[in-house]
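Q: Below is the structure I would like to discuss, written out as structure tokens.
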Amino acid sequence: MEQKTRRKKRSKGPNILTKYFVKYKFHYLIGIVALIAVNIINLRIPLITGRITDGLQSGLYTYNDIQHEVLTLLLIGFSIACIRFVWRYFIFGTSRKIEYGLRNDFFSHLEKLSTRFFNENKTGDLMALATNDLNAIRMMVGPGILMALDAIGLTVLVIYKMSTAISVKLTLISIIPLPIIAIGSLLLGKSIRARFKDKQEAFSHMSDLVQENISGIKVIKAFVQESKQTLEFNKTNRNNYNKNMRVIKVYAIMMPMAMLVTGLSITIILGYGGYITILGRITLGEFVAFIQYLLMLVWPMIAFGWCINIMSQGMASFARFTNILNEKPDIIDEETVKEIDNIKGDIRINNLTFSYPGSENNELENINISIDKGETIGIVGRTGSGKTTLVNMLLRLYNPSRNEIFIDDTDIMDIPLSVLRNAVGYVPQDNFLFSDTISRNIAFGVDGSTNELVQQAAKDANVHDNIMEFTDKYETVVGERGVTLSGGQKQRVAIARALIKKPAIMILDDSVSAVDTNTEEQILSHIKEERKDKTTIIIAHRISTVQNSDKIIVLDEGKILEVGKHIELLDKKGLYYDMVQKQQLEKELEEE
Ligand SMILES: Nc1ncnc2c1ncn2[C@@H]1O[C@H](COP(=O)(O)OP(=O)(O)OP(=O)(O)O)[C@@H](O)[C@H]1O
Ligand SMILES: [Mg+2]
């Protein structure tokens with residue numbers, strides 16, 4: 001099954017390159033014409049040297065004749081240099097254009113893929129594909145193709161010239177080693193392809209390890225794992241080295257073999273050529289020209305091996321690359337999608353049951369919730385009870401089944417994704433911020449926002465005063481290149497980012513957990529004020545965060561255990577009541 005799907009995926013692959021080959025066909029054409037022109041001009045050189053040799057030997061050559069030949073040679077050299085520039089520019093340039101296009105394709109494709117894909121694929125792996133593998137593909141579509149065409153073209157031309165201008169018999173003898181080299185190269189090429197794939201995978205693995213180590217450096221230091229991680233890296237690096245060596249071994253055999261075969265045959269042909277020259281069947285000039293042609297054949301022989309290597313590596317990388325490009329985004333607008341431009345904010349959840357791909361348990365089971373536009377809903381429950389999962393479903397980060405979630409009476413599966421997500425202001429539990437200015441982080445989800453709007457959102461999220469204390473104020477850069485915000489500051493910037501959208505539905509996933517209860521109260525009252533007629537869902541561990549909600553949902557092990565207002569739930573004396581008791585006790589202990 002696995003095999004089958006893989007093969008299916010790969011079979012679509014070449015289309016992506018075909019698109020570029022078609023797009024740049026004229027570039028390739030100009031390059032190839034220039035390449036052939038260079039070769040044709042090149043073929044004249046042995047004839048001229050042959051003529052000079054014969055001329056000198058016969059003693060009939062004048063100083064003028066020599067001068068004439070030398071000028072021709074100079075002219076040939078000069079035009080070859082110019083035309084070489086043309087093909088190099090067009091073919092190498094086109095390979096860069098293709099690389100550029102493929103990298104854009106790759107990135108925009110990644111942006112479309114769903115959360116599931118990123119759970120299953122590692123960042124370092126994807127980075128390696130966009131750099132290392134793409135490079136191998138570029139080598140294939142540029143220098144690889146070029147050398148292959150050149151080698152084939154030159155061989156054909158030289159053989160043609162040798163047989164017509166000098167001797168058919170000599171020519172036939174001299175091409176005997178060609179098939180040997182071709183077969184050898186093909187066999188070795190297969191082995192290179194397999195080894196190269198291993199090599200790229202080893203590199204991917206290594207870049208993944210580095211990426212994780214850099215992002216996790218604080219944890220590594222806090223747990224004093226530096227030397228262990230270094231050891232782990234050594235191991236991975238060694239594996240990468242070994243895999244590289246396996247490629248090099250084959251490559252190292254290939255070149256000398258090709259050279260040996262070529263060298264041997266040249267020697268034999270030289271002997272035979274000398275023999276028939278002595279016999280007078282060909283002139284000395286023809287013999288000199290013939291040697292030059294033979295030497296011209298050495299390069300294509302070697303280039304052929306080199307091409308097989310580049311092509312094999314490129315194909316291996318291309319297979320890895322297309323595997324990702326052929327990944328279908330599994331969260332897309334369905335065919336039944338309706339034309340909806342805005343969302344009011346009524347939510348109905350009917351018997352929603354959900355489990356993550358590959359999970360054996362139901363992370364949500366028989367969830368029934370009805371939320372009217374303008375209501376504020378609190379969700380509480382132990383850690384791992386499914387709170388984040390539930391809001392993931394509302395954002396359609398994962399697909400529910402049909403008829404399970406309705407927004408404004410439309411099945412969520414029939415709402416255009418962009419409309420749905422534009423209507424939701426989401427404050428994720430990890431409060432991810434970009435390494436950019438605070439102002440741009442807040443304005444991230446809206447087009448054409450103003451400083452006033454950004455500041456208003458920051459004020460509503462109670463983070464304005466903190467921001468004003470930074471030297472660069474709203475232009476302060478967050479993260480790797482700038483200041484590190486505290487957990488609570490990050491949470492509030494993330495809240496401002498959601499508030500500025502003035503979304504029909506706002507979701508706060510544990511978003512005030514890192515601020516003190518006073519600040520929390522202020523933020524919640526701003527939100528209440530700001531969002532009087534809009535839907536707000538607040539997930540929290542602290543009861544104080546949700547106690548004023550119109551409805552509180554208590555989740556436990558993916559099921560709704562209790563629903564009601566704060567007072568009603570207290571009366572039930574169930575899990576909610578227990579949580580309240582426990583938190584009160586903790587508070588009292590803290591105050592003592
Ligand atoms: N991407 C995922 N793939 C598989 N299982 C997952 C995934 N994300 C979460 N889970 C599982 O689903 C269950 C519910 O997780 P969820 O994140 O919804 O809990 P939560 O109520 O938000 O917890 P917390 O209060 O700690 O944030 C957990 O058992 C968790 O292990
Ligand atoms: Mg959660």
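Every chain in the structure tokens has a letter given in the order shown (A, B, ...), and although residue numbers restart at 1 in each chain, ligands are simply numbered from 1 in the order shown.
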Could you tell me, counting only C-alpha atoms and all ligand atoms, which protein and nucleic acid residues lie no more than 9 Å from ligand 2, written as a ChimeraX atom specification?
A: /A:383-389,428-429,509-510,539-540
Q: List all protein, DNA and RNA residues that have an atom no more than 12 Å from any atom of ligand 1, counting only C-alpha atoms and all ligand atoms, and report them as a VMD selection string.
A: chain A and resid 114 to 120 354 to 365 379 to 393 397 to 398 428 to 430 508 to 511 513 538 to 542 553 to 560
Q: Could you list, with a cut-off of 12 Å and counting only C-alpha atoms, the residues of range 91-205 of chain A near range 222-243 of chain A, each shown with its nearest atom pair and the distance in Å rounded to one decimal, rows sorted by chain and ascending number, as a Markdown table?
A:
```
| residue | atom | partner | partner_atom | distance |
| --- | --- | --- | --- | --- |
| A:Ile192 | CA | A:Lys243 | CA | 11.1 |
| A:Ala194 | CA | A:Lys243 | CA | 10.7 |
| A:Arg195 | CA | A:Lys243 | CA | 7.1 |
| A:Phe196 | CA | A:Lys243 | CA | 7.9 |
| A:Lys197 | CA | A:Lys243 | CA | 9.3 |
| A:Asp198 | CA | A:Lys243 | CA | 6.5 |
| A:Lys199 | CA | A:Lys243 | CA | 4.9 |
| A:Gln200 | CA | A:Asn240 | CA | 8.4 |
| A:Glu201 | CA | A:Asn240 | CA | 8.5 |
| A:Ala202 | CA | A:Asn240 | CA | 5.0 |
| A:Phe203 | CA | A:Asn240 | CA | 5.8 |
| A:Ser204 | CA | A:Asn240 | CA | 9.2 |
| A:His205 | CA | A:Thr236 | CA | 7.5 |
```
Q: So that I can check the secondary structure, give me every residue of range 481-553 of chain A assigned helix (DSSP H, G or I) by backbone DSSP, as an mmCIF file with C-alpha atoms, in the first residue's frame.
A:
```
data_model
loop_
_atom_site.group_PDB
_atom_site.id
_atom_site.type_symbol
_atom_site.label_atom_id
_atom_site.label_comp_id
_atom_site.auth_asym_id
_atom_site.auth_seq_id
_atom_site.Cartn_x
_atom_site.Cartn_y
_atom_site.Cartn_z
ATOM 1 C CA ARG A 481 16.666 39.547 17.000
ATOM 2 C CA GLY A 487 5.178 35.215 29.270
ATOM 3 C CA GLY A 488 2.410 37.611 30.320
ATOM 4 C CA GLN A 489 3.521 40.305 27.872
ATOM 5 C CA LYS A 490 3.543 37.799 25.046
ATOM 6 C CA GLN A 491 0.059 36.637 25.962
ATOM 7 C CA ARG A 492 -1.244 40.183 25.908
ATOM 8 C CA VAL A 493 0.399 41.056 22.573
ATOM 9 C CA ALA A 494 -1.238 37.906 21.191
ATOM 10 C CA ILE A 495 -4.580 39.060 22.591
ATOM 11 C CA ALA A 496 -4.117 42.484 20.966
ATOM 12 C CA ARG A 497 -3.354 40.735 17.663
ATOM 13 C CA ALA A 498 -6.711 38.970 17.879
ATOM 14 C CA LEU A 499 -8.653 41.995 19.176
ATOM 15 C CA THR A 517 -5.756 38.366 38.602
ATOM 16 C CA ASN A 518 -6.027 42.165 38.652
ATOM 17 C CA THR A 519 -4.714 42.557 35.133
ATOM 18 C CA GLU A 520 -6.847 39.624 34.093
ATOM 19 C CA GLU A 521 -9.946 41.365 35.414
ATOM 20 C CA GLN A 522 -9.110 44.518 33.480
ATOM 21 C CA ILE A 523 -8.461 42.659 30.233
ATOM 22 C CA LEU A 524 -11.674 40.673 30.572
ATOM 23 C CA SER A 525 -13.734 43.775 31.234
ATOM 24 C CA HIS A 526 -12.206 45.501 28.182
ATOM 25 C CA ILE A 527 -13.010 42.473 26.111
ATOM 26 C CA LYS A 528 -16.540 42.396 27.458
ATOM 27 C CA GLU A 529 -17.008 46.075 26.659
ATOM 28 C CA GLU A 530 -15.422 45.805 23.217
ATOM 29 C CA ILE A 543 -12.152 29.713 37.546
ATOM 30 C CA SER A 544 -11.896 33.496 37.988
ATOM 31 C CA THR A 545 -11.323 33.823 34.246
ATOM 32 C CA VAL A 546 -14.577 32.217 33.244
#
```
Q: Quick check, in Å to one decimal: how far apart do CA of Gly345 in chain A and CA of Lys501 in chain A lie?
A: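 For CA of Gly345 in chain A relative to CA of Lys501 in chain A, the distance reads 14.2 Å.
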Q: Give me, please, the distance in Å between CA of Ser163 in chain A and CA of Met259 in chain A, quoted to one decimal.
A: 23.2 Å
Q: What's around range 67-76 of chain A at 8 Å? Count only C-alpha atoms, leave out sequence neighbours fewer than 4 positions away in its own chain, and write the answer as a list in words.
A: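 Once the nearby chain positions are removed, what remains is Ile41, Asn42, Ile45, Ile48, Ile52, Tyr63 and Ile80 of chain A.
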Q: DSSP on the backbone, strand (DSSP E or B) only: what residues of range 358-570 of chain A does that give? Format it as a PyMOL selection string.
A: chain A and resi 364-371+376-381+405-407+410-411+424-427+437+477-478+483+505-509+535-539+551-556+559-564
